file data.pdb (PDB, C-alpha atoms)
MODEL        1
ATOM      1  CA  MET A1209      16.099  27.494 -25.518
ATOM      2  CA  SER A1210      18.987  29.209 -27.339
ATOM      3  CA  ARG A1211      21.511  27.864 -24.823
ATOM      4  CA  LEU A1212      20.613  24.259 -25.623
ATOM      5  CA  PRO A1213      22.819  22.251 -27.972
ATOM      6  CA  ARG A1214      21.659  22.464 -31.569
ATOM      7  CA  PHE A1215      20.585  18.831 -31.772
ATOM      8  CA  LEU A1216      18.371  19.251 -28.695
ATOM      9  CA  ARG A1217      16.806  22.403 -30.080
ATOM     10  CA  ALA A1218      16.048  20.555 -33.312
ATOM     11  CA  PHE A1219      14.345  17.837 -31.304
ATOM     12  CA  LEU A1220      12.445  19.906 -28.763
ATOM     13  CA  LEU A1221      11.139  22.727 -30.917
ATOM     14  CA  PRO A1222       9.024  20.489 -33.206
ATOM     15  CA  MET A1223       7.682  18.715 -30.126
ATOM     16  CA  ALA A1224       6.609  22.006 -28.576
ATOM     17  CA  LYS A1225       5.086  23.154 -31.845
ATOM     18  CA  ASN A1226       3.092  19.943 -32.244
ATOM     19  CA  ARG A1227       2.013  19.784 -28.619
ATOM     20  CA  PHE A1228       0.696  23.303 -28.519
ATOM     21  CA  SER A1229      -0.568  23.533 -32.064
ATOM     22  CA  LYS A1230      -3.717  25.489 -32.752
ATOM     23  CA  ALA A1231      -5.606  22.299 -33.574
ATOM     24  CA  TRP A1232      -4.680  20.756 -30.218
ATOM     25  CA  LEU A1233      -5.649  23.898 -28.322
ATOM     26  CA  ASP A1234      -8.957  24.141 -30.161
ATOM     27  CA  GLN A1235      -9.723  20.510 -29.391
ATOM     28  CA  HIS A1236      -8.842  21.044 -25.743
ATOM     29  CA  ARG A1237     -10.956  24.187 -25.393
ATOM     30  CA  ASN A1238     -13.965  22.531 -27.055
ATOM     31  CA  ASP A1239     -13.657  19.275 -25.131
ATOM     32  CA  PRO A1240     -16.891  18.801 -23.131
ATOM     33  CA  TYR A1241     -15.005  17.098 -20.297
ATOM     34  CA  VAL A1242     -12.627  20.052 -20.035
ATOM     35  CA  LYS A1243     -15.615  22.378 -19.749
ATOM     36  CA  GLN A1244     -17.276  20.138 -17.145
ATOM     37  CA  ALA A1245     -14.035  19.948 -15.150
ATOM     38  CA  GLN A1246     -13.775  23.726 -15.118
ATOM     39  CA  ALA A1247     -17.415  24.089 -14.090
ATOM     40  CA  ARG A1248     -17.105  21.582 -11.244
ATOM     41  CA  GLY A1249     -13.723  22.730 -10.008
ATOM     42  CA  TYR A1250     -11.753  19.633 -10.964
ATOM     43  CA  ARG A1251      -8.106  20.151 -11.704
ATOM     44  CA  SER A1252      -8.247  18.160 -14.940
ATOM     45  CA  ARG A1253     -10.655  16.251 -17.177
ATOM     46  CA  ALA A1254      -9.086  13.028 -15.843
ATOM     47  CA  ALA A1255     -11.518  13.260 -12.926
ATOM     48  CA  PHE A1256     -14.284  11.944 -15.164
ATOM     49  CA  LYS A1257     -12.309   8.803 -16.028
ATOM     50  CA  LEU A1258     -12.276   7.759 -12.377
ATOM     51  CA  ILE A1259     -15.884   8.863 -11.893
ATOM     52  CA  GLU A1260     -17.043   6.668 -14.795
ATOM     53  CA  ILE A1261     -15.079   3.640 -13.646
ATOM     54  CA  ASP A1262     -16.320   4.053 -10.088
ATOM     55  CA  GLN A1263     -19.917   4.319 -11.270
ATOM     56  CA  GLN A1264     -19.490   0.988 -13.035
ATOM     57  CA  ASP A1265     -17.455  -0.874 -10.429
ATOM     58  CA  LYS A1266     -18.338   0.812  -7.102
ATOM     59  CA  LEU A1267     -14.682   0.930  -6.068
ATOM     60  CA  ILE A1268     -14.724   3.872  -3.662
ATOM     61  CA  GLN A1269     -16.566   3.486  -0.351
ATOM     62  CA  PRO A1270     -16.545   5.588   2.849
ATOM     63  CA  GLY A1271     -14.142   4.262   5.466
ATOM     64  CA  GLN A1272     -11.556   3.051   2.989
ATOM     65  CA  ILE A1273      -7.832   3.638   2.886
ATOM     66  CA  VAL A1274      -7.015   4.699  -0.670
ATOM     67  CA  VAL A1275      -3.618   5.272  -2.291
ATOM     68  CA  ASP A1276      -3.476   7.578  -5.333
ATOM     69  CA  LEU A1277      -0.322   7.039  -7.406
ATOM     70  CA  GLY A1278       0.684   9.682  -9.918
ATOM     71  CA  SER A1279      -1.754  12.066  -8.275
ATOM     72  CA  THR A1280      -0.659  15.481  -9.612
ATOM     73  CA  PRO A1281      -2.430  17.772 -10.434
ATOM     74  CA  GLY A1282      -4.954  16.165  -8.082
ATOM     75  CA  ALA A1283      -8.158  15.463 -10.020
ATOM     76  CA  TRP A1284      -8.362  11.830  -8.906
ATOM     77  CA  SER A1285      -7.663  12.818  -5.291
ATOM     78  CA  GLN A1286     -10.509  15.336  -5.559
ATOM     79  CA  VAL A1287     -12.888  12.588  -6.696
ATOM     80  CA  LEU A1288     -11.680  10.269  -3.935
ATOM     81  CA  ARG A1289     -12.289  12.979  -1.353
ATOM     82  CA  GLU A1290     -15.822  13.560  -2.649
ATOM     83  CA  ARG A1291     -16.581   9.855  -2.332
ATOM     84  CA  LEU A1292     -15.215   9.632   1.224
ATOM     85  CA  ALA A1293     -16.760  12.925   2.393
ATOM     86  CA  THR A1294     -19.003  13.099   5.449
ATOM     87  CA  GLY A1295     -21.788  15.551   6.169
ATOM     88  CA  SER A1296     -19.594  17.317   8.734
ATOM     89  CA  GLY A1297     -17.103  18.457   6.110
ATOM     90  CA  GLY A1298     -14.347  15.896   6.702
ATOM     91  CA  ILE A1299     -13.883  12.413   5.302
ATOM     92  CA  ARG A1300     -14.369   8.902   6.619
ATOM     93  CA  GLY A1301     -11.240   7.045   5.630
ATOM     94  CA  ARG A1302      -7.805   8.096   4.395
ATOM     95  CA  ILE A1303      -6.357   9.245   1.089
ATOM     96  CA  ILE A1304      -2.599   9.033   0.583
ATOM     97  CA  ALA A1305      -1.347  10.547  -2.677
ATOM     98  CA  LEU A1306       2.089  10.348  -4.261
ATOM     99  CA  ASP A1307       3.688  12.014  -7.262
ATOM    100  CA  LEU A1308       7.095  12.988  -8.562
ATOM    101  CA  LEU A1309       5.804  16.535  -9.116
ATOM    102  CA  PRO A1310       4.429  18.852  -6.416
ATOM    103  CA  MET A1311       0.670  18.996  -5.902
ATOM    104  CA  ASP A1312      -1.343  21.873  -4.492
ATOM    105  CA  PRO A1313      -2.922  20.832  -1.183
ATOM    106  CA  ILE A1314      -6.350  19.165  -1.078
ATOM    107  CA  ALA A1315      -8.145  19.009   2.255
ATOM    108  CA  ASP A1316      -7.807  15.617   3.990
ATOM    109  CA  VAL A1317      -5.388  14.276   1.354
ATOM    110  CA  GLU A1318      -1.947  13.262   2.636
ATOM    111  CA  PHE A1319       0.562  14.029  -0.094
ATOM    112  CA  ILE A1320       4.051  12.578  -0.543
ATOM    113  CA  GLN A1321       6.334  13.998  -3.214
ATOM    114  CA  GLY A1322       8.608  11.326  -4.585
ATOM    115  CA  ASP A1323       9.415   9.036  -7.486
ATOM    116  CA  PHE A1324       7.417   5.805  -7.259
ATOM    117  CA  ARG A1325      10.278   4.015  -9.025
ATOM    118  CA  GLU A1326      12.662   4.838  -6.164
ATOM    119  CA  ASP A1327      12.970   2.974  -2.862
ATOM    120  CA  ASP A1328      12.754   6.185  -0.817
ATOM    121  CA  ALA A1329       9.291   6.971  -2.146
ATOM    122  CA  LEU A1330       8.078   3.409  -1.624
ATOM    123  CA  THR A1331       9.406   3.477   1.934
ATOM    124  CA  ALA A1332       7.671   6.801   2.620
ATOM    125  CA  LEU A1333       4.417   5.453   1.229
ATOM    126  CA  ALA A1334       4.645   2.283   3.300
ATOM    127  CA  SER A1335       5.450   4.389   6.363
ATOM    128  CA  ALA A1336       2.395   6.571   5.768
ATOM    129  CA  LEU A1337       0.234   3.443   5.745
ATOM    130  CA  GLY A1338       1.668   2.613   9.160
ATOM    131  CA  GLY A1339       1.228  -1.120   8.763
ATOM    132  CA  ALA A1340      -2.368  -0.823   7.560
ATOM    133  CA  ARG A1341      -3.353  -2.248   4.184
ATOM    134  CA  ALA A1342      -5.113  -0.237   1.532
ATOM    135  CA  ASP A1343      -8.624  -1.035   0.325
ATOM    136  CA  LEU A1344      -7.970   0.561  -3.047
ATOM    137  CA  ILE A1345      -4.924   1.663  -5.030
ATOM    138  CA  VAL A1346      -5.472   3.823  -8.101
ATOM    139  CA  SER A1347      -2.785   4.832 -10.544
ATOM    140  CA  ASP A1348      -3.009   7.346 -13.360
ATOM    141  CA  MET A1349       0.769   7.260 -13.715
ATOM    142  CA  ALA A1350       2.380   7.328 -17.122
ATOM    143  CA  PRO A1351       6.027   7.777 -18.090
ATOM    144  CA  ASN A1352       7.290  10.786 -19.980
ATOM    145  CA  LEU A1353       6.848   9.534 -23.534
ATOM    146  CA  SER A1354       9.869   9.664 -25.824
ATOM    147  CA  GLY A1355       8.082   8.737 -29.027
ATOM    148  CA  VAL A1356      10.129   5.531 -29.267
ATOM    149  CA  GLY A1357       7.436   2.866 -29.074
ATOM    150  CA  LEU A1358       9.375  -0.009 -27.535
ATOM    151  CA  ALA A1359      11.094   2.209 -24.982
ATOM    152  CA  ASP A1360       7.819   3.872 -23.940
ATOM    153  CA  ALA A1361       6.077   0.493 -23.673
ATOM    154  CA  ALA A1362       8.881  -0.798 -21.456
ATOM    155  CA  ARG A1363       8.598   2.243 -19.154
ATOM    156  CA  MET A1364       4.834   1.833 -18.904
ATOM    157  CA  ALA A1365       5.122  -1.892 -18.195
ATOM    158  CA  ASP A1366       7.662  -1.133 -15.471
ATOM    159  CA  LEU A1367       5.265   1.266 -13.721
ATOM    160  CA  ILE A1368       2.465  -1.306 -13.898
ATOM    161  CA  GLU A1369       4.774  -3.989 -12.525
ATOM    162  CA  LEU A1370       5.771  -1.726  -9.631
ATOM    163  CA  ALA A1371       2.117  -0.923  -8.877
ATOM    164  CA  ALA A1372       1.237  -4.634  -8.882
ATOM    165  CA  ASP A1373       4.183  -5.423  -6.588
ATOM    166  CA  PHE A1374       3.118  -2.626  -4.245
ATOM    167  CA  ALA A1375      -0.433  -4.010  -4.213
ATOM    168  CA  VAL A1376       0.808  -7.469  -3.249
ATOM    169  CA  ASP A1377       2.621  -5.964  -0.269
ATOM    170  CA  HIS A1378       0.112  -3.320   0.822
ATOM    171  CA  LEU A1379      -3.389  -4.161  -0.453
ATOM    172  CA  LYS A1380      -6.064  -5.964   1.533
ATOM    173  CA  PRO A1381      -6.850  -9.445   0.186
ATOM    174  CA  GLU A1382     -10.244  -8.287  -1.089
ATOM    175  CA  GLY A1383      -8.896  -4.941  -2.320
ATOM    176  CA  ALA A1384      -8.583  -3.526  -5.830
ATOM    177  CA  LEU A1385      -5.889  -1.995  -8.022
ATOM    178  CA  LEU A1386      -6.729   0.282 -10.963
ATOM    179  CA  VAL A1387      -3.880   1.295 -13.301
ATOM    180  CA  LYS A1388      -3.482   3.220 -16.523
ATOM    181  CA  CYS A1389      -1.941   1.344 -19.433
ATOM    182  CA  PHE A1390      -1.710   1.647 -23.208
ATOM    183  CA  HIS A1391      -2.802  -0.761 -25.912
ATOM    184  CA  GLY A1392       0.166  -1.844 -27.963
ATOM    185  CA  SER A1393       3.503  -3.413 -27.220
ATOM    186  CA  GLY A1394       3.614  -4.767 -23.677
ATOM    187  CA  TYR A1395      -0.147  -4.621 -23.066
ATOM    188  CA  SER A1396      -0.700  -8.383 -23.138
ATOM    189  CA  GLN A1397       2.186  -8.880 -20.709
ATOM    190  CA  SER A1398       0.624  -6.382 -18.286
ATOM    191  CA  VAL A1399      -2.688  -8.239 -18.499
ATOM    192  CA  GLU A1400      -0.915 -11.510 -17.761
ATOM    193  CA  ARG A1401       0.831  -9.908 -14.784
ATOM    194  CA  PHE A1402      -2.555  -8.845 -13.431
ATOM    195  CA  LYS A1403      -4.019 -12.308 -13.998
ATOM    196  CA  ARG A1404      -1.208 -13.850 -11.957
ATOM    197  CA  THR A1405      -1.917 -11.386  -9.144
ATOM    198  CA  PHE A1406      -5.694 -10.914  -9.011
ATOM    199  CA  VAL A1407      -8.739 -13.160  -8.952
ATOM    200  CA  LYS A1408     -10.645 -10.922 -11.351
ATOM    201  CA  VAL A1409      -9.117  -8.750 -14.077
ATOM    202  CA  SER A1410     -11.141  -6.340 -16.219
ATOM    203  CA  PRO A1411     -10.149  -3.772 -18.865
ATOM    204  CA  ARG A1412     -11.849  -0.402 -18.657
ATOM    205  CA  LYS A1413     -12.098   2.320 -21.323
ATOM    206  CA  PRO A1414     -14.122   5.220 -19.889
ATOM    207  CA  LYS A1415     -15.816   7.586 -22.319
ATOM    208  CA  ALA A1416     -13.703  10.427 -20.937
ATOM    209  CA  SER A1417     -10.640   8.691 -22.381
ATOM    210  CA  ARG A1418     -10.402   9.995 -25.922
ATOM    211  CA  ASP A1419     -11.329   7.509 -28.667
ATOM    212  CA  LYS A1420      -8.122   8.145 -30.593
ATOM    213  CA  SER A1421      -5.991   7.520 -27.521
ATOM    214  CA  ALA A1422      -4.396   4.123 -26.850
ATOM    215  CA  GLU A1423      -4.997   4.809 -23.164
ATOM    216  CA  THR A1424      -7.020   2.255 -21.245
ATOM    217  CA  TYR A1425      -7.174   0.976 -17.672
ATOM    218  CA  LEU A1426      -6.765  -2.388 -15.998
ATOM    219  CA  LEU A1427      -8.734  -3.253 -12.876
ATOM    220  CA  GLY A1428      -7.658  -6.112 -10.657
ATOM    221  CA  ARG A1429      -9.824  -7.252  -7.734
ATOM    222  CA  GLY A1430      -9.034  -9.762  -5.017
ATOM    223  CA  LEU A1431      -5.430 -10.814  -4.447
ATOM    224  CA  LYS A1432      -4.614 -14.392  -5.270
ATOM    225  CA  ARG A1433      -3.172 -16.233  -2.288
TER     226      ARG A1433
ENDMDL
END

call {"tool": "encode", "arguments": {"input": "data.pdb", "output": "structure tokens"}}
result
Amino acid sequence: MSRLPRFLRAFLLPMAKNRFSKAWLDQHRNDPYVKQAQARGYRSRAAFKLIEIDQQDKLIQPGQIVVDLGSTPGAWSQVLRERLATGSGGIRGRIIALDLLPMDPIADVEFIQGDFREDDALTALASALGGARADLIVSDMAPNLSGVGLADAARMADLIELAADFAVDHLKPEGALLVKCFHGSGYSQSVERFKRTFVKVSPRKPKASRDKSAETYLLGRGLKR
């Protein structure tokens, strides 16, 4: 840290202090979903967000091809694998995961490391599909937040737009796309984008998503022709 320019140190040190404050750590340690994730072997509490949404909407079915965007550390891929598991220990279907960061291997999950915003990653993902169309695309992607509201909203909207474009090109007509988004600037535009793309659009706020968080999810089902 000492080698960084002074203005960067002044910016980063308060961020680190706030992020890892005692209050935040206490909240994290006492979070019931964190404890459940540890007990059940999930890589993060985010697993329960997908579990809750799937319980409501029955999105994940054996035999599907599922794409997991922003997969690292892998909690959503773990849930997907559980849902596609067979009694013989394998899965019926395919799970293709992608993230900018590396992800520790998960059995039966095909992982691609790449930036979803870049053409190379999109090409690799399309190649992995091999001409097949996905039944379900899930995205827990979020940009690195800068704290500048308009800039962060624009980055989030861009990821949602890319996910919707990818769905148009690679999702089955009756398929579904689930994406993370944030209430605030740009949210209504993302909803409108979904309404132009899908027959049915539904917001989802699972209980595992903290009440104080602006985080929510958009679910689109059935591509408009």

call {"tool": "atom_distance", "arguments": {"input": "data.pdb", "atom1": "CA of Lys1257 (chain A)", "atom2": "CA of Pro1414 (chain A)"}}
result
5.6 Å

call {"tool": "axis_aligned_box", "arguments": {"input": "data.pdb", "around": "region 1310-1327 of chain A", "padding_each_side": "5 Å", "output": "AutoDock Vina command-line options"}}
result
--center_x 2.4 --center_y 12.4 --center_z -2.5 --size_x 31.1 --size_y 28.9 --size_z 23.0

call {"tool": "closest_atom_pairs", "arguments": {"input": "data.pdb", "of": "region 1299-1361 of chain A", "to": "region 1393-1409 of chain A", "cutoff": "10 Å", "atoms": "all atoms listed in the file", "output": "JSON lines"}}
result
{"residue": "A:Gly1357", "atom": "CA", "partner": "A:Ser1393", "partner_atom": "CA", "distance": 7.6}
{"residue": "A:Leu1358", "atom": "CA", "partner": "A:Ser1393", "partner_atom": "CA", "distance": 6.8}
{"residue": "A:Ala1359", "atom": "CA", "partner": "A:Ser1393", "partner_atom": "CA", "distance": 9.7}
{"residue": "A:Asp1360", "atom": "CA", "partner": "A:Ser1393", "partner_atom": "CA", "distance": 9.1}
{"residue": "A:Ala1361", "atom": "CA", "partner": "A:Gly1394", "partner_atom": "CA", "distance": 5.8}

call {"tool": "write_last_selection", "arguments": {"input": "data.pdb", "atoms": "C-alpha atoms", "output": "PDB file, in the frame of the given file"}}
result
ATOM      1  CA  GLY A1357       7.436   2.866 -29.074  1.00  0.00           C
ATOM      2  CA  LEU A1358       9.375  -0.009 -27.535  1.00  0.00           C
ATOM      3  CA  ALA A1359      11.094   2.209 -24.982  1.00  0.00           C
ATOM      4  CA  ASP A1360       7.819   3.872 -23.940  1.00  0.00           C
ATOM      5  CA  ALA A1361       6.077   0.493 -23.673  1.00  0.00           C
TER       6      ALA A1361
END

call {"tool": "resolve_selection", "arguments": {"input": "data.pdb", "expression": "the PyMOL selection byres ((chain A and resi 1364) around 8)", "output": "PyMOL selection string"}}
result
chain A and resi 1350-1351+1360-1363+1365-1368+1389-1390

call {"tool": "atom_distance", "arguments": {"input": "data.pdb", "atom1": "CA of Phe1374 (chain A)", "atom2": "CA of Gly1298 (chain A)"}}
result
27.7 Å

call {"tool": "atom_distance", "arguments": {"input": "data.pdb", "atom1": "CA of Ile1303 (chain A)", "atom2": "CA of Lys1432 (chain A)"}}
result
24.5 Å

call {"tool": "resolve_selection", "arguments": {"input": "data.pdb", "expression": "the PyMOL selection byres ((chain A and resi 1287) around 10)", "output": "list in words"}}
result
Tyr1250, Ala1254, Ala1255, Phe1256, Leu1258, Ile1259, Asp1262, Ile1268, Gly1282, Ala1283, Trp1284, Ser1285, Gln1286, Leu1288, Arg1289, Glu1290, Arg1291, Leu1292 and Ala1293 of chain A

call {"tool": "closest_residue", "arguments": {"input": "data.pdb", "among": "A:Leu1427, A:Leu1337, A:Leu1344, A:Met1349", "to": "Gln1264 (chain A)", "atoms": "all atoms listed in the file"}}
result
A:Leu1427

call {"tool": "resolve_selection", "arguments": {"input": "data.pdb", "expression": "the PyMOL selection byres ((chain A and resi 1385) around 6)", "output": "ChimeraX atom specification"}}
result
/A:1344-1346,1384,1386,1427-1428

call {"tool": "residues_near_point", "arguments": {"input": "data.pdb", "point": "(7.4, 7.1, 5.1)", "cutoff": "12 Å", "atoms": "all atoms listed in the file", "output": "list in words"}}
result
Ile1304, Leu1306, Glu1318, Phe1319, Ile1320, Gln1321, Gly1322, Asp1327, Asp1328, Ala1329, Leu1330, Thr1331, Ala1332, Leu1333, Ala1334, Ser1335, Ala1336, Leu1337, Gly1338 and Gly1339 of chain A

call {"tool": "closest_residue", "arguments": {"input": "data.pdb", "among": "A:Asn1352, A:Thr1280, A:Ser1347, A:Ser1417", "to": "Ala1375 (chain A)", "atoms": "all atoms listed in the file"}}
result
A:Ser1347

call {"tool": "residues_around", "arguments": {"input": "data.pdb", "residues": "Asp1312 (chain A)", "least_positions_apart": "2", "cutoff": "8 Å", "atoms": "all atoms listed in the file", "output": "list in words"}}
result
Pro1281, Gly1282, Pro1310 and Ile1314 of chain A

call {"tool": "residues_around", "arguments": {"input": "data.pdb", "residues": "Leu1426 (chain A)", "least_positions_apart": "2", "cutoff": "6 Å", "atoms": "all atoms listed in the file", "output": "list in words"}}
result
Leu1386, Val1387, Ser1410 and Pro1411 of chain A

call {"tool": "closest_residue", "arguments": {"input": "data.pdb", "among": "A:Gly1430, A:Pro1240, A:Gly1392, A:Gly1278", "to": "Leu1308 (chain A)", "atoms": "all atoms listed in the file"}}
result
A:Gly1278

call {"tool": "closest_residue", "arguments": {"input": "data.pdb", "among": "A:Asp1316, A:Asp1307, A:Asp1276, A:Asp1323", "to": "Asp1343 (chain A)", "atoms": "all atoms listed in the file"}}
result
A:Asp1276

call {"tool": "closest_residue", "arguments": {"input": "data.pdb", "among": "A:Gly1301, A:Pro1381, A:Gly1295, A:Gly1249", "to": "Val1275 (chain A)", "atoms": "all atoms listed in the file"}}
result
A:Gly1301

call {"tool": "residues_around", "arguments": {"input": "data.pdb", "residues": "Lys1415 (chain A)", "least_positions_apart": "3", "cutoff": "8 Å", "atoms": "only C-alpha atoms", "output": "JSON, numbers by chain"}}
result
{"A": [1257, 1260, 1418, 1419]}

call {"tool": "closest_residue", "arguments": {"input": "data.pdb", "among": "A:Ser1296, A:Gln1246, A:Ser1279, A:Gln1263", "to": "Pro1313 (chain A)", "atoms": "all atoms listed in the file"}}
result
A:Ser1279
